[in-house]
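Notes for the one structure printed next.
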Amino acid sequence: MDPLSALRDFTIRGELDKIVQVGDEFRFGNDYSFPCTAETAYRSKQGNLYTLETLVNYIKNHHLKHVEYIQNSRTLKIPSVTFPDRKPLVDYLHGTISSHDAITMIRALERPLKDRESLLVCRNRDFYSVLMASTRREEERQRVESQQRKDGSNRPKPKMKGGKIGEGVPIILVPSAFQTLITIYNVKEFLEDGIFVPTDVKVKAGAKPDCVTVQKKFRDRVVAAYEVRDKPSALKAEDWDRVVAVFVLGKEWQFKDWPFKDHVEIFNRIIGFYMRFEDDSVESAKTVKQWNVKIISISKNKRHQDRAAALEVWDRLEEFMRA
């Protein structure tokens with residue numbers, strides 16, 4: 001039995017307490033054991049296959065609010081289930097639905113084997129790992145073929161308007177003031193997970209980081225890393241060539257001592273974002289509307305809408321860097 005089927009079986013039977021971690025594997029009572037990091041056949045809407053440890057941690061904590069669950073996963077250093085996948089995954093594991101589009105059709109990737117019947121009756125053979133390896137090879141083959149069909153197989157090095165990006169990881173600047181929605185405390189959850197967590201909540205959870213790294217997989221499957229900082233004064237002269245974006249506070253003093261002559265030059269070289277709640281007064285964005293920045297609105301209460309806002313930031317940034 002494969003890990004996903006075993007987990008579903010134990011969930012339906014109400015025997016999740018019998019799934020225990022011993023070293024680097026999960027033991028399902030006395031019936032099965034699988035590596036914690038084994039990929040399951042359940043595919044995220046983002047395209048990746050969830051690992052067994054991700055699904056076990058989620059199904060045992062699915063009663064938590066999403067923000068609390070994300071924090072729990074980060075504490076355990078286990079990849080989390082995305083918000084759009086939560087309900088269909090719970091329904092499948094509890095047996096409410098019998099199948100789901102996210103379940104990889106492994107059989108479609110099987111190759112005819114000589115003496116296949118004798119192989120399948122062999123005991124103590126881990127055919128699941130063989131099938132998953134086949135799945136990964138097939139996906140990689142399709143990815144390479146798709147990339148080769150594109151005009152120009154190499155992703156062009158992004159250039160900034162009015163200049164070029166310096167060597168190294170691109171930098172995103174955020175305000176150090178707490179009266180802005182996005183800060184060094186919550187930027188990672190927002191940009192990577194599409195979840196807005198208020199800064200005051202994050203402040204209570206731990207010390208302030210000097211620098212945060214966020215990652216994004218773009219449409220051409222290239223994973224890009226960005227440094228997020230909130231102390232422009234600490235940047236060296238050569239670091240400014242790596243600054244590609246800034247979340248603005250809406251106050252003139254945010255740009256004091258920046259190495260640019262005015263707002264026109266700043267937002268010609270760097271894309272600006274202004275985050276606001278959708279029901280904030282128009283007056284709050286009066287100054288920002290005079291600048292060439294992108295205004296991104298989120299709801300105060302509807303956290304499931306955060307992901308769309310985060311994706312808009314990434315789309316705008318990618319478009320800007322390619323221009």
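Identifiers for the structure tokens are assigned positionally: chains receive A, B, ... in sequence, residues are indexed from 1 per chain, and ligands are indexed from 1 in the order shown.
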
(request) Name the residues of range 65-99 of chain A that come out as alpha helix (DSSP H) in a backbone DSSP run; write them as a VMD selection string. (result) chain A and resid 66 to 76 83 to 93

Can I get the selected residues back with N, CA and C atoms, as a compact mmCIF listing (two decimals), in the first residue's frame?
```
# COMPACT_ATOMS: atom_id res chain seq x y z
N HIS A 66 -5.79 28.65 9.79
CA HIS A 66 -4.70 28.51 8.84
C HIS A 66 -3.43 29.22 9.31
N VAL A 67 -3.58 30.41 9.88
CA VAL A 67 -2.41 31.14 10.35
C VAL A 67 -1.70 30.35 11.45
N GLU A 68 -2.48 29.77 12.38
CA GLU A 68 -1.89 28.98 13.46
C GLU A 68 -1.23 27.73 12.91
N TYR A 69 -1.87 27.12 11.90
CA TYR A 69 -1.30 25.92 11.30
C TYR A 69 0.03 26.24 10.60
N ILE A 70 0.08 27.36 9.88
CA ILE A 70 1.32 27.76 9.20
C ILE A 70 2.44 27.96 10.22
N GLN A 71 2.12 28.62 11.33
CA GLN A 71 3.12 28.85 12.37
C GLN A 71 3.58 27.54 12.97
N ASN A 72 2.64 26.60 13.17
CA ASN A 72 2.99 25.28 13.70
C ASN A 72 3.94 24.55 12.75
N SER A 73 3.65 24.62 11.46
CA SER A 73 4.49 23.94 10.46
C SER A 73 5.89 24.54 10.43
N ARG A 74 5.96 25.86 10.53
CA ARG A 74 7.27 26.51 10.51
C ARG A 74 8.08 26.13 11.74
N THR A 75 7.41 26.03 12.88
CA THR A 75 8.10 25.63 14.10
C THR A 75 8.69 24.23 13.96
N LEU A 76 7.92 23.34 13.33
CA LEU A 76 8.37 21.95 13.14
C LEU A 76 9.27 21.80 11.92
N PHE A 83 -3.59 26.97 1.52
CA PHE A 83 -4.98 27.21 1.89
C PHE A 83 -5.98 26.61 0.88
N PRO A 84 -5.77 26.78 -0.45
CA PRO A 84 -6.74 26.22 -1.40
C PRO A 84 -6.84 24.69 -1.35
N ASP A 85 -5.79 24.03 -0.85
CA ASP A 85 -5.80 22.56 -0.82
C ASP A 85 -6.43 22.00 0.45
N ARG A 86 -6.67 22.84 1.44
CA ARG A 86 -7.09 22.34 2.75
C ARG A 86 -8.38 21.52 2.71
N LYS A 87 -9.46 22.11 2.24
CA LYS A 87 -10.76 21.42 2.29
C LYS A 87 -10.79 20.15 1.44
N PRO A 88 -10.37 20.22 0.15
CA PRO A 88 -10.42 18.98 -0.64
C PRO A 88 -9.55 17.87 -0.07
N LEU A 89 -8.42 18.25 0.56
CA LEU A 89 -7.55 17.25 1.15
C LEU A 89 -8.21 16.58 2.36
N VAL A 90 -8.82 17.40 3.22
CA VAL A 90 -9.52 16.84 4.39
C VAL A 90 -10.66 15.93 3.94
N ASP A 91 -11.43 16.38 2.94
CA ASP A 91 -12.55 15.59 2.45
C ASP A 91 -12.07 14.24 1.90
N TYR A 92 -10.96 14.27 1.20
CA TYR A 92 -10.44 13.01 0.64
C TYR A 92 -9.94 12.07 1.73
N LEU A 93 -9.15 12.60 2.66
CA LEU A 93 -8.58 11.74 3.70
C LEU A 93 -9.65 11.19 4.64
```

Write out as JSON lines the residues of range 214-285 of chain A that have any atom within 7 Å of an atom of range 172-190 of chain A, one row each with the nearest atom pair and its distance in Å to one decimal, counting only C-alpha atoms, sorted by chain and then rising number.
```
{"residue": "A:Val214", "atom": "CA", "partner": "A:Lys188", "partner_atom": "CA", "distance": 5.8}
{"residue": "A:Tyr226", "atom": "CA", "partner": "A:Ile172", "partner_atom": "CA", "distance": 6.8}
{"residue": "A:Glu227", "atom": "CA", "partner": "A:Ile172", "partner_atom": "CA", "distance": 6.1}
{"residue": "A:Val228", "atom": "CA", "partner": "A:Ile172", "partner_atom": "CA", "distance": 4.7}
{"residue": "A:Arg229", "atom": "CA", "partner": "A:Leu173", "partner_atom": "CA", "distance": 5.1}
{"residue": "A:Asp230", "atom": "CA", "partner": "A:Val174", "partner_atom": "CA", "distance": 5.0}
{"residue": "A:Val243", "atom": "CA", "partner": "A:Ile172", "partner_atom": "CA", "distance": 6.0}
{"residue": "A:Val244", "atom": "CA", "partner": "A:Ile172", "partner_atom": "CA", "distance": 6.0}
{"residue": "A:Ala245", "atom": "CA", "partner": "A:Ile172", "partner_atom": "CA", "distance": 4.8}
{"residue": "A:Val246", "atom": "CA", "partner": "A:Leu173", "partner_atom": "CA", "distance": 4.5}
{"residue": "A:Phe247", "atom": "CA", "partner": "A:Val174", "partner_atom": "CA", "distance": 4.9}
{"residue": "A:Val248", "atom": "CA", "partner": "A:Pro175", "partner_atom": "CA", "distance": 6.7}
{"residue": "A:Leu249", "atom": "CA", "partner": "A:Thr180", "partner_atom": "CA", "distance": 5.9}
{"residue": "A:Met275", "atom": "CA", "partner": "A:Leu181", "partner_atom": "CA", "distance": 6.2}
{"residue": "A:Arg276", "atom": "CA", "partner": "A:Leu181", "partner_atom": "CA", "distance": 6.9}
```

Can I get the selection written as an mmCIF file, in the first residue's frame, with C-alpha atoms?
```cif
data_model
loop_
_atom_site.group_PDB
_atom_site.id
_atom_site.type_symbol
_atom_site.label_atom_id
_atom_site.label_comp_id
_atom_site.auth_asym_id
_atom_site.auth_seq_id
_atom_site.Cartn_x
_atom_site.Cartn_y
_atom_site.Cartn_z
ATOM 1 C CA VAL A 214 11.755 34.835 0.152
ATOM 2 C CA TYR A 226 15.020 37.757 -2.925
ATOM 3 C CA GLU A 227 16.473 39.441 0.138
ATOM 4 C CA VAL A 228 14.028 41.562 2.123
ATOM 5 C CA ARG A 229 15.474 44.316 4.302
ATOM 6 C CA ASP A 230 14.105 47.273 6.246
ATOM 7 C CA VAL A 243 17.224 46.890 -5.085
ATOM 8 C CA VAL A 244 14.282 45.992 -7.336
ATOM 9 C CA ALA A 245 11.197 46.793 -5.240
ATOM 10 C CA VAL A 246 10.028 48.751 -2.221
ATOM 11 C CA PHE A 247 6.868 48.644 -0.120
ATOM 12 C CA VAL A 248 6.126 52.291 0.580
ATOM 13 C CA LEU A 249 4.775 53.755 3.784
ATOM 14 C CA MET A 275 -0.435 47.941 0.701
ATOM 15 C CA ARG A 276 -3.758 49.067 2.146
#
```

Env of range 53-61 of chain A: 9 Å cut, atoms = only C-alpha atoms, seq-sep filter 6 positions within chain, self excluded. Answer as a tab-separated table (two decimals) with C-alpha atoms, in the first residue's frame.
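Generated output (selection_11.tsv):
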```
chain	number	residue	atom	x	y	z
A	4	LEU	CA	-1.42	8.23	0.76
A	7	LEU	CA	-2.94	7.57	5.62
A	11	THR	CA	-7.87	8.51	8.98
A	16	LEU	CA	-4.39	8.56	13.49
A	17	ASP	CA	-3.00	8.06	16.99
A	19	ILE	CA	0.70	6.73	13.25
A	25	GLU	CA	10.05	7.17	9.25
A	26	PHE	CA	6.36	6.95	10.11
A	35	PRO	CA	10.05	7.48	5.12
A	36	CYS	CA	8.80	10.78	6.55
A	37	THR	CA	9.90	12.65	3.43
A	38	ALA	CA	8.36	10.18	0.97
A	39	GLU	CA	6.36	11.95	-1.74
A	40	THR	CA	2.70	11.00	-1.84
A	69	TYR	CA	-1.30	25.92	11.30
A	72	ASN	CA	2.99	25.28	13.70
A	73	SER	CA	4.49	23.94	10.46
A	78	ILE	CA	7.70	20.91	7.88
A	79	PRO	CA	6.32	22.19	4.54
A	80	SER	CA	2.69	23.23	4.91
A	81	VAL	CA	-0.50	22.52	2.95
A	86	ARG	CA	-7.09	22.34	2.75
A	89	LEU	CA	-7.55	17.25	1.15
A	90	VAL	CA	-9.52	16.84	4.39
A	93	LEU	CA	-8.58	11.74	3.70
```

(request) May I ask which of the residues A:Ile298, A:Leu311, A:Leu235, A:Gly194 is the closest one to Cys211 in chain A, counting only C-alpha atoms? (result)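 The answer is A:Leu235, which sits nearest to Cys211 in chain A.
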
(request) Using CA of Asp306 in chain A and CA of Tyr274 in chain A as the two end points, give the distance in Å to one decimal. (result)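 Separating CA of Asp306 in chain A from CA of Tyr274 in chain A is a distance of 14.5 Å.
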
(request) Kindly indicate which residue among A:Ile195, A:Ala309, A:Ala205, A:Ala224 lies nearest to Val169 in chain A, using only C-alpha atoms for the distances. (result) A:Ala224

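Interatomic distance, CA of Thr82 in chain A to CA of Asp193 in chain A: 7.2 Å.
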
(message) Using only C-alpha atoms for the distances, tell me which of A:Lys231, A:Phe267, A:Trp314, A:Gly206 is nearest to Gln254 in chain A.
(response)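 Of all the options, A:Lys231 lies closest to Gln254 in chain A.
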
(message) Just the number, please: distance in Å from CA of Phe273 in chain A to CA of Ile295 in chain A, one decimal.
(response) 5.8 Å

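In this comparison, which uses only C-alpha atoms, the residue of A:Ser33, A:Lys302, A:Asn48, A:Asn268 approaching Pro3 in chain A most closely is A:Ser33.
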